[in-house]
Amino acid sequence: MGLTTITFYLFLIITLLLYFLVPRKYSWLILLIASIYFLLYDNLKLNIIIYLLIILLSSYIFAILIDKYNKKKKLFLILGILCIIGVLGYLKYTNLFIVTINHLNNILGINKQFNLVDRNVPIGLSYYSLIMIGYLTDVYWGICKPCYNILKCSLFMGYFPLLTSGPFVRYEDMEKELYIKHKFNFHRLCYGLIRIFWGLFKILVISQRIGIFVDAVYSNYTLYQGFYLILAALLFSLQLYTNFSGSIDIIMGVTKIIGINLPENFTSPFFSKSLTEFWRRWHITLGSWLKDYIFYPVMRSRLVQKLGEFTKKIFGKRVSKKVMLYFSMFIMWFAIGAWHNGAYTYIIGSGLLQCLIMILEDLLSPLSKRIDQKLGINRDTFGYRCYQMIRTYLIFSFTMIFFRAPSVREAFNIIKNMFVFNPWILLDNYSLYLPGLDLLDFRILFIAIIVLFIIDYLKQKCDVIEEIFKQNIIFRYIVIYILIFSVIIFGMYGPGFDATTFIYRQF
Amino acid sequence: MNREEIYERLNRVFRDVFDDDSICLNDNTTSSDIEDWDSLEHINLIVAVEGEFKIKFNMKEVTKMKNVGEMVDIIESRINS
């Protein structure tokens with residue numbers, strides 16, 4: 001059930017009506033029933049139910065065991081995590097394993113190739129695998145108590161708005177929100193609806209439109225070369241952003257109506273001055289999950305500490321700190337890449353390449369400061385900040401070529417094909433429209449992206465929706481109607497459009 | 001070990017980790033008072049404090065500590081237990 005389908009909104013209306021109408025005691029049960037329906041709506045198969053039950057039961061049982069048997073809690077934590085990772089690995093990483101073995105066989109000259117497998121993956125698998133690992137670890141660390149009610153535990157794992165693309169939550173925070181009855185509130189309803197429409201605007205008007213161009217160019221990159229590929233790469237990072245943050249807006253809108261507070265997942269990332277800052281503002285909840293559950297433990301691990309002591313003796317304190325940092329970053333970014341999907345394009349594109357560039361940023365920043373000082377460049381100017389933001393955008397777009405390309409080899413071919421010089425395609429009033437978008441589409445896209453950047457700019461300073469509510473009634477309604485009608489009129493619902501294809505949903 | 005002695009040793013650890021001899025801690029010192037105290041240095045600091053006092057913080061303490069006062073409370077309770 002995609003977040004832009006009519007079915008989803010019918011489902012949502014029924015769920016909300018029941019949620020606010022049933023007696024206080026049972027309201028969370030409505031969310032649970034809705035979540036189970038949502039989970040199994042597209043994929044009602046026995047094996048899907050079994051995978052879900054393994055993850056649920058292993059987290060439920062091992063969390064209680066960790067809490068009860070303090071002496072053996074490490075063993076129970078490991079067992080719990082292994083069960084979850086086992087399901088995740090079996091469903092998502094078998095093909096990565098097969099591809100690697102096939103590559104190795106090729107290199108070693110062994111004449112045996114294994115066929116890839118097609119596994120039936122339940123929706124939101126990556127999401128609840130991580131939050132349940134987080135839950136077990138929090139119980140282990142004593143941050144929260146285990147949930148003894150298995151139905152409540154199920155709701156935490158499968159709370160439907162979060163299944164498509166997060167944000168990542170913790171049991172400690174959700175415990176206070178999920179199981180209490182939230183009263184209906186008209187202001188929250190209006191706020192939530194505007195946020196949902198803003199999400200729909202991002203997805204239907206911008207992301208889907210860009211998708212037509214990017215899909216056509218990437219699927220035929222030997223025909224569409226040079227500036228086609230450059231434009232597609234520049235547009236793809238915007239497509240990914242509007243698609244992902246748009247679905248987060250819809251999710252935030254839905255939970256706002258229910259009355260549940262969730263952490264924000266994006267804070268205008270395209271206004272970042274470096275890639276490091278970009279990742280602090282992009283998919284924030286995943287970043288903070290990884291920081292707490294991977295980066296911190298790795299940094300504190302005996303291995304990294306020993307590495308630090310060793311390098312300190314030889315190179316001194318400053319270098320040793322950097323070595324420890326880069327090593328832990330490498331582990332964390334590898335995990336981010338691998339988590340996105342079991343394919344090398346993701347491990348490189350959203351993992352190791354990001355890590356490499358951030359390390360370079362860190363290493364080169366003293367040098368670039370010195371150069372700027374020597375040249376007398378004032379960094380504290382609007383122009384310089386713009387330069388930094390554009391540079392970050394270009395770097396991010398470049399790394400996303402690996403994320404979008406079908407394979408690593410093809411990503412390199414795409415980069416190679418970018419160097420064909422054909423700027424006239426931008427000017428001849430014909431070539432640019434070949435990949436599927438016409439002049440009107442480009443105009444709509446241009447205006448929509450400007451609106452997006454204005455809103456993102458304002459979001460850094462205030463809560464834009466609350467500000468709209470503070471305006472006088474005429475201005476307020478004009479803004480709201482423009483938003484709603486632009487989604488209806490300019491949204492992409494054409495043939496071949498499949499509203500359920502969310503880029504991020506597959507993760 | 002009393003609180004004053006803990007502060008004395010803690011000051012030394014902080015000055016060493018942040019390379020800043022002007023650091024003078026009190027109960028209300030937080031990460032916003034020390035320029036380089038970000039999430040990364042926090043971990044370096046934790047490891048250094050653990051080494052100095054031969055204690056171990058648990059992850060709940062590491063992530064939930066709000067100020068130096070809380071850190072000293074934990075060190076005090078750990079050493080004296």
# chains A, B, ... in the order shown; residues from 1 in each chain; ligands from 1
call {"tool": "interface_residues", "arguments": {"of": "chain B", "to": "chain A", "cutoff": "7 Å", "atoms": "only C-alpha atoms", "output": "list in words"}}
result
Ile43, Val47, Asn58, Met59 and Lys60 of chain B
call {"tool": "write_last_selection", "arguments": {"atoms": "C-alpha atoms", "output": "PDB file, in the first residue's frame"}}
result
ATOM      1  CA  ILE B  43      33.703   9.190  23.427  1.00  0.00           C
ATOM      2  CA  VAL B  47      37.520   6.419  27.424  1.00  0.00           C
ATOM      3  CA  ASN B  58      27.626   1.805  30.827  1.00  0.00           C
ATOM      4  CA  MET B  59      26.136   3.024  27.561  1.00  0.00           C
ATOM      5  CA  LYS B  60      23.102   4.466  29.291  1.00  0.00           C
TER       6      LYS B  60
END
call {"tool": "residues_around", "arguments": {"residues": "Glu76 in chain B", "least_positions_apart": "2", "cutoff": "12 Å", "atoms": "only C-alpha atoms", "output": "list in words"}}
result
Met1, Asn2, Arg3, Glu4, Glu5, Ile6, Tyr7, Leu10, Phe53, Ile55, Phe57, Gly69, Glu70, Met71, Val72, Asp73, Ile74, Arg78, Ile79, Asn80 and Ser81 of chain B
call {"tool": "write_last_selection", "arguments": {"atoms": "C-alpha atoms", "output": "PDB file, in the first residue's frame"}}
result
ATOM      1  CA  MET B   1      38.379   9.699  47.249  1.00  0.00           C
ATOM      2  CA  ASN B   2      36.326  12.810  47.835  1.00  0.00           C
ATOM      3  CA  ARG B   3      34.631  15.016  45.282  1.00  0.00           C
ATOM      4  CA  GLU B   4      37.405  17.585  45.257  1.00  0.00           C
ATOM      5  CA  GLU B   5      40.031  14.990  44.454  1.00  0.00           C
ATOM      6  CA  ILE B   6      37.849  13.622  41.681  1.00  0.00           C
ATOM      7  CA  TYR B   7      37.530  17.123  40.226  1.00  0.00           C
ATOM      8  CA  LEU B  10      39.047  15.116  36.078  1.00  0.00           C
ATOM      9  CA  PHE B  53      39.657   6.184  37.369  1.00  0.00           C
ATOM     10  CA  ILE B  55      36.044   2.321  36.057  1.00  0.00           C
ATOM     11  CA  PHE B  57      30.563   3.623  32.344  1.00  0.00           C
ATOM     12  CA  GLY B  69      28.217  17.035  37.921  1.00  0.00           C
ATOM     13  CA  GLU B  70      26.441  13.855  36.797  1.00  0.00           C
ATOM     14  CA  MET B  71      29.721  12.411  35.590  1.00  0.00           C
ATOM     15  CA  VAL B  72      31.312  13.063  38.990  1.00  0.00           C
ATOM     16  CA  ASP B  73      28.285  11.515  40.719  1.00  0.00           C
ATOM     17  CA  ILE B  74      28.765   8.331  38.730  1.00  0.00           C
ATOM     18  CA  ARG B  78      31.607   3.643  41.270  1.00  0.00           C
ATOM     19  CA  ILE B  79      34.812   4.272  43.235  1.00  0.00           C
ATOM     20  CA  ASN B  80      33.188   4.147  46.628  1.00  0.00           C
ATOM     21  CA  SER B  81      31.114   1.039  45.969  1.00  0.00           C
TER      22      SER B  81
END
call {"tool": "atom_distance", "arguments": {"atom1": "CA of Ser320 in chain A", "atom2": "CA of Ala335 in chain A"}}
result
22.9 Å
call {"tool": "residues_around", "arguments": {"residues": "Ile36 in chain A", "least_positions_apart": "6", "cutoff": "10 Å", "atoms": "only C-alpha atoms", "output": "VMD selection string"}}
result
chain A and resid 30 154 to 155 158 to 160
call {"tool": "atom_distance", "arguments": {"atom1": "CA of Met418 in chain A", "atom2": "CA of Tyr228 in chain A"}}
result
7.9 Å
call {"tool": "residues_around", "arguments": {"residues": "Tyr60 in chain A", "least_positions_apart": "2", "cutoff": "8 Å", "atoms": "only C-alpha atoms", "output": "ChimeraX atom specification"}}
result
/A:56-58,62-64,146-148,150,153
call {"tool": "write_last_selection", "arguments": {"atoms": "C-alpha atoms", "output": "tab-separated table (two decimals), in the first residue's frame"}}
result
chain	number	residue	atom	x	y	z
A	56	LEU	CA	9.01	-10.24	16.86
A	57	LEU	CA	9.38	-13.30	19.10
A	58	SER	CA	13.17	-13.20	19.24
A	62	PHE	CA	15.38	-12.15	24.48
A	63	ALA	CA	14.61	-8.67	25.84
A	64	ILE	CA	12.87	-10.29	28.82
A	146	PRO	CA	11.51	-4.79	28.32
A	147	CYS	CA	7.95	-4.77	27.06
A	148	TYR	CA	6.09	-7.66	28.70
A	150	ILE	CA	3.56	-9.01	23.32
A	153	CYS	CA	5.76	-5.06	21.52
call {"tool": "residues_around", "arguments": {"residues": "Ser32 in chain B", "least_positions_apart": "3", "cutoff": "12 Å", "atoms": "only C-alpha atoms", "output": "number ranges by chain"}}
result
B: 28-29, 35-39, 42, 66-68
call {"tool": "write_last_selection", "arguments": {"atoms": "N, CA and C atoms", "output": "PDB file, in the first residue's frame"}}
result
ATOM      1  N   ASN B  28      28.129  22.262  36.879  1.00  0.00           N
ATOM      2  CA  ASN B  28      27.231  22.662  35.791  1.00  0.00           C
ATOM      3  C   ASN B  28      27.902  22.744  34.415  1.00  0.00           C
ATOM      4  N   THR B  29      29.172  22.377  34.337  1.00  0.00           N
ATOM      5  CA  THR B  29      29.836  22.434  33.032  1.00  0.00           C
ATOM      6  C   THR B  29      29.168  21.435  32.080  1.00  0.00           C
ATOM      7  N   GLU B  35      34.608  24.160  23.750  1.00  0.00           N
ATOM      8  CA  GLU B  35      34.449  24.324  22.304  1.00  0.00           C
ATOM      9  C   GLU B  35      34.472  23.004  21.527  1.00  0.00           C
ATOM     10  N   ASP B  36      35.446  22.166  21.833  1.00  0.00           N
ATOM     11  CA  ASP B  36      35.609  20.961  21.001  1.00  0.00           C
ATOM     12  C   ASP B  36      34.797  19.755  21.471  1.00  0.00           C
ATOM     13  N   TRP B  37      33.959  19.951  22.457  1.00  0.00           N
ATOM     14  CA  TRP B  37      33.249  18.805  23.039  1.00  0.00           C
ATOM     15  C   TRP B  37      32.053  18.412  22.168  1.00  0.00           C
ATOM     16  N   ASP B  38      32.329  17.657  21.121  1.00  0.00           N
ATOM     17  CA  ASP B  38      31.242  17.145  20.275  1.00  0.00           C
ATOM     18  C   ASP B  38      31.076  15.656  20.565  1.00  0.00           C
ATOM     19  N   SER B  39      30.211  14.999  19.766  1.00  0.00           N
ATOM     20  CA  SER B  39      29.906  13.608  20.093  1.00  0.00           C
ATOM     21  C   SER B  39      31.136  12.709  19.965  1.00  0.00           C
ATOM     22  N   HIS B  42      33.363  13.322  22.933  1.00  0.00           N
ATOM     23  CA  HIS B  42      32.687  12.772  24.107  1.00  0.00           C
ATOM     24  C   HIS B  42      33.160  11.339  24.360  1.00  0.00           C
ATOM     25  N   LYS B  66      24.275  14.553  31.490  1.00  0.00           N
ATOM     26  CA  LYS B  66      23.911  15.905  31.064  1.00  0.00           C
ATOM     27  C   LYS B  66      24.994  16.936  31.368  1.00  0.00           C
ATOM     28  N   ASN B  67      25.705  16.747  32.464  1.00  0.00           N
ATOM     29  CA  ASN B  67      26.761  17.713  32.788  1.00  0.00           C
ATOM     30  C   ASN B  67      27.866  17.013  33.581  1.00  0.00           C
ATOM     31  N   VAL B  68      28.906  17.777  33.889  1.00  0.00           N
ATOM     32  CA  VAL B  68      30.051  17.186  34.580  1.00  0.00           C
ATOM     33  C   VAL B  68      29.641  16.712  35.974  1.00  0.00           C
TER      34      VAL B  68
END
call {"tool": "select_by_dssp", "arguments": {"residues": "range 116-315 of chain A", "states": "alpha helix (DSSP H)", "output": "ChimeraX atom specification"}}
result
/A:125-141,150-158,171-178,186-200,208-219,227-258,275-281,284-290,296-300,302-315
call {"tool": "atom_distance", "arguments": {"atom1": "CA of Phe315 in chain A", "atom2": "CA of Glu52 in chain B"}}
result
21.9 Å
call {"tool": "residues_around", "arguments": {"residues": "Ile415 in chain A", "least_positions_apart": "3", "cutoff": "10 Å", "atoms": "only C-alpha atoms", "output": "MDAnalysis selection string"}}
result
chainID A and resid 221 225:226 229:230 233 398 401:402 410:412 418:420
call {"tool": "write_last_selection", "arguments": {"atoms": "N, CA and C atoms", "output": "compact mmCIF listing (two decimals), in the first residue's frame"}}
result
# COMPACT_ATOMS: atom_id res chain seq x y z
N TYR A 221 22.03 4.84 -21.22
CA TYR A 221 23.12 5.83 -21.09
C TYR A 221 24.13 5.79 -22.23
N GLN A 225 24.12 10.70 -23.73
CA GLN A 225 25.44 10.88 -23.14
C GLN A 225 25.66 12.33 -22.73
N GLY A 226 26.84 12.61 -22.26
CA GLY A 226 27.25 14.00 -21.98
C GLY A 226 26.31 14.73 -21.05
N LEU A 229 23.48 12.97 -19.14
CA LEU A 229 23.86 12.22 -17.94
C LEU A 229 24.19 13.16 -16.78
N ILE A 230 24.82 14.30 -17.12
CA ILE A 230 25.14 15.27 -16.06
C ILE A 230 23.84 15.79 -15.44
N ALA A 233 22.19 13.14 -13.34
CA ALA A 233 22.85 12.96 -12.03
C ALA A 233 22.47 14.09 -11.08
N PHE A 398 27.27 13.44 -7.36
CA PHE A 398 28.24 12.54 -7.96
C PHE A 398 28.21 11.17 -7.28
N ILE A 401 25.51 8.68 -8.23
CA ILE A 401 25.57 7.94 -9.51
C ILE A 401 25.72 6.45 -9.19
N PHE A 402 26.55 6.14 -8.18
CA PHE A 402 26.77 4.74 -7.80
C PHE A 402 25.51 4.15 -7.19
N GLU A 410 28.75 -0.35 -14.47
CA GLU A 410 27.96 0.59 -15.28
C GLU A 410 28.07 2.01 -14.75
N ALA A 411 28.24 2.14 -13.42
CA ALA A 411 28.43 3.49 -12.86
C ALA A 411 29.68 4.13 -13.45
N PHE A 412 30.74 3.35 -13.57
CA PHE A 412 31.96 3.89 -14.17
C PHE A 412 31.74 4.23 -15.65
N MET A 418 29.79 10.71 -19.40
CA MET A 418 29.48 12.11 -19.07
C MET A 418 30.42 13.08 -19.77
N PHE A 419 31.59 12.57 -20.15
CA PHE A 419 32.59 13.46 -20.73
C PHE A 419 32.41 13.72 -22.22
N VAL A 420 31.27 13.29 -22.77
CA VAL A 420 30.96 13.63 -24.16
C VAL A 420 30.46 15.08 -24.17
call {"tool": "residues_around", "arguments": {"residues": "Glu41 in chain B", "least_positions_apart": "5", "cutoff": "9 Å", "atoms": "only C-alpha atoms", "output": "CSV table (one decimal) with N, CA and C atoms, in the first residue's frame"}}
result
chain,number,residue,atom,x,y,z
B,17,VAL,N,42.5,15.9,27.1
B,17,VAL,CA,41.7,15.5,25.9
B,17,VAL,C,41.4,16.7,25.0
B,18,PHE,N,41.1,17.8,25.6
B,18,PHE,CA,40.7,19.0,24.7
B,18,PHE,C,41.9,19.9,24.4
B,36,ASP,N,35.4,22.2,21.8
B,36,ASP,CA,35.6,21.0,21.0
B,36,ASP,C,34.8,19.8,21.5
B,46,ILE,N,35.2,9.9,27.5
B,46,ILE,CA,34.7,8.8,28.3
B,46,ILE,C,35.8,7.8,28.5
call {"tool": "closest_residue", "arguments": {"among": "B:Ile23, B:Ile75, B:Arg15, B:Glu8", "to": "Lys54 in chain B", "atoms": "only C-alpha atoms"}}
result
B:Ile75
call {"tool": "decode", "arguments": {"residues": "range 12-74 of chain B", "atoms": "C-alpha atoms", "output": "PDB file, in the first residue's frame"}}
result
ATOM      1  CA  ARG B  12      43.619  17.026  34.248  1.00  0.00           C
ATOM      2  CA  VAL B  13      41.855  14.515  31.962  1.00  0.00           C
ATOM      3  CA  PHE B  14      39.715  17.225  30.332  1.00  0.00           C
ATOM      4  CA  ARG B  15      42.709  19.499  29.761  1.00  0.00           C
ATOM      5  CA  ASP B  16      44.596  16.645  28.167  1.00  0.00           C
ATOM      6  CA  VAL B  17      41.715  15.480  25.922  1.00  0.00           C
ATOM      7  CA  PHE B  18      40.747  18.972  24.740  1.00  0.00           C
ATOM      8  CA  ASP B  19      44.303  20.378  24.698  1.00  0.00           C
ATOM      9  CA  ASP B  20      43.155  23.360  26.730  1.00  0.00           C
ATOM     10  CA  ASP B  21      44.818  24.244  30.030  1.00  0.00           C
ATOM     11  CA  SER B  22      42.263  26.893  30.873  1.00  0.00           C
ATOM     12  CA  ILE B  23      39.492  24.338  31.495  1.00  0.00           C
ATOM     13  CA  CYS B  24      38.141  24.533  35.017  1.00  0.00           C
ATOM     14  CA  LEU B  25      35.234  22.200  35.688  1.00  0.00           C
ATOM     15  CA  ASN B  26      32.278  22.547  37.987  1.00  0.00           C
ATOM     16  CA  ASP B  27      29.004  20.657  38.476  1.00  0.00           C
ATOM     17  CA  ASN B  28      27.231  22.662  35.791  1.00  0.00           C
ATOM     18  CA  THR B  29      29.836  22.434  33.032  1.00  0.00           C
ATOM     19  CA  THR B  30      28.256  20.997  29.864  1.00  0.00           C
ATOM     20  CA  SER B  31      29.415  20.256  26.330  1.00  0.00           C
ATOM     21  CA  SER B  32      28.357  23.748  25.248  1.00  0.00           C
ATOM     22  CA  ASP B  33      30.950  25.276  27.602  1.00  0.00           C
ATOM     23  CA  ILE B  34      33.883  23.533  25.951  1.00  0.00           C
ATOM     24  CA  GLU B  35      34.449  24.324  22.304  1.00  0.00           C
ATOM     25  CA  ASP B  36      35.609  20.961  21.001  1.00  0.00           C
ATOM     26  CA  TRP B  37      33.249  18.805  23.039  1.00  0.00           C
ATOM     27  CA  ASP B  38      31.242  17.145  20.275  1.00  0.00           C
ATOM     28  CA  SER B  39      29.906  13.608  20.093  1.00  0.00           C
ATOM     29  CA  LEU B  40      33.245  12.291  18.905  1.00  0.00           C
ATOM     30  CA  GLU B  41      35.305  13.943  21.634  1.00  0.00           C
ATOM     31  CA  HIS B  42      32.687  12.772  24.107  1.00  0.00           C
ATOM     32  CA  ILE B  43      33.703   9.190  23.427  1.00  0.00           C
ATOM     33  CA  ASN B  44      37.420  10.027  23.645  1.00  0.00           C
ATOM     34  CA  LEU B  45      36.699  11.759  26.910  1.00  0.00           C
ATOM     35  CA  ILE B  46      34.720   8.827  28.284  1.00  0.00           C
ATOM     36  CA  VAL B  47      37.520   6.419  27.424  1.00  0.00           C
ATOM     37  CA  ALA B  48      40.108   8.736  29.022  1.00  0.00           C
ATOM     38  CA  VAL B  49      38.029   9.149  32.197  1.00  0.00           C
ATOM     39  CA  GLU B  50      37.534   5.385  32.390  1.00  0.00           C
ATOM     40  CA  GLY B  51      41.294   4.906  32.094  1.00  0.00           C
ATOM     41  CA  GLU B  52      42.060   7.515  34.750  1.00  0.00           C
ATOM     42  CA  PHE B  53      39.657   6.184  37.369  1.00  0.00           C
ATOM     43  CA  LYS B  54      39.822   2.505  36.350  1.00  0.00           C
ATOM     44  CA  ILE B  55      36.044   2.321  36.057  1.00  0.00           C
ATOM     45  CA  LYS B  56      33.564   1.532  33.266  1.00  0.00           C
ATOM     46  CA  PHE B  57      30.563   3.623  32.344  1.00  0.00           C
ATOM     47  CA  ASN B  58      27.626   1.805  30.827  1.00  0.00           C
ATOM     48  CA  MET B  59      26.136   3.024  27.561  1.00  0.00           C
ATOM     49  CA  LYS B  60      23.102   4.466  29.291  1.00  0.00           C
ATOM     50  CA  GLU B  61      25.386   6.677  31.338  1.00  0.00           C
ATOM     51  CA  VAL B  62      27.477   7.585  28.307  1.00  0.00           C
ATOM     52  CA  THR B  63      24.490   8.776  26.282  1.00  0.00           C
ATOM     53  CA  LYS B  64      22.425  10.291  29.091  1.00  0.00           C
ATOM     54  CA  MET B  65      25.045  12.289  31.042  1.00  0.00           C
ATOM     55  CA  LYS B  66      23.911  15.905  31.064  1.00  0.00           C
ATOM     56  CA  ASN B  67      26.761  17.713  32.788  1.00  0.00           C
ATOM     57  CA  VAL B  68      30.051  17.186  34.580  1.00  0.00           C
ATOM     58  CA  GLY B  69      28.217  17.035  37.921  1.00  0.00           C
ATOM     59  CA  GLU B  70      26.441  13.855  36.797  1.00  0.00           C
ATOM     60  CA  MET B  71      29.721  12.411  35.590  1.00  0.00           C
ATOM     61  CA  VAL B  72      31.312  13.063  38.990  1.00  0.00           C
ATOM     62  CA  ASP B  73      28.285  11.515  40.719  1.00  0.00           C
ATOM     63  CA  ILE B  74      28.765   8.331  38.730  1.00  0.00           C
TER      64      ILE B  74
END
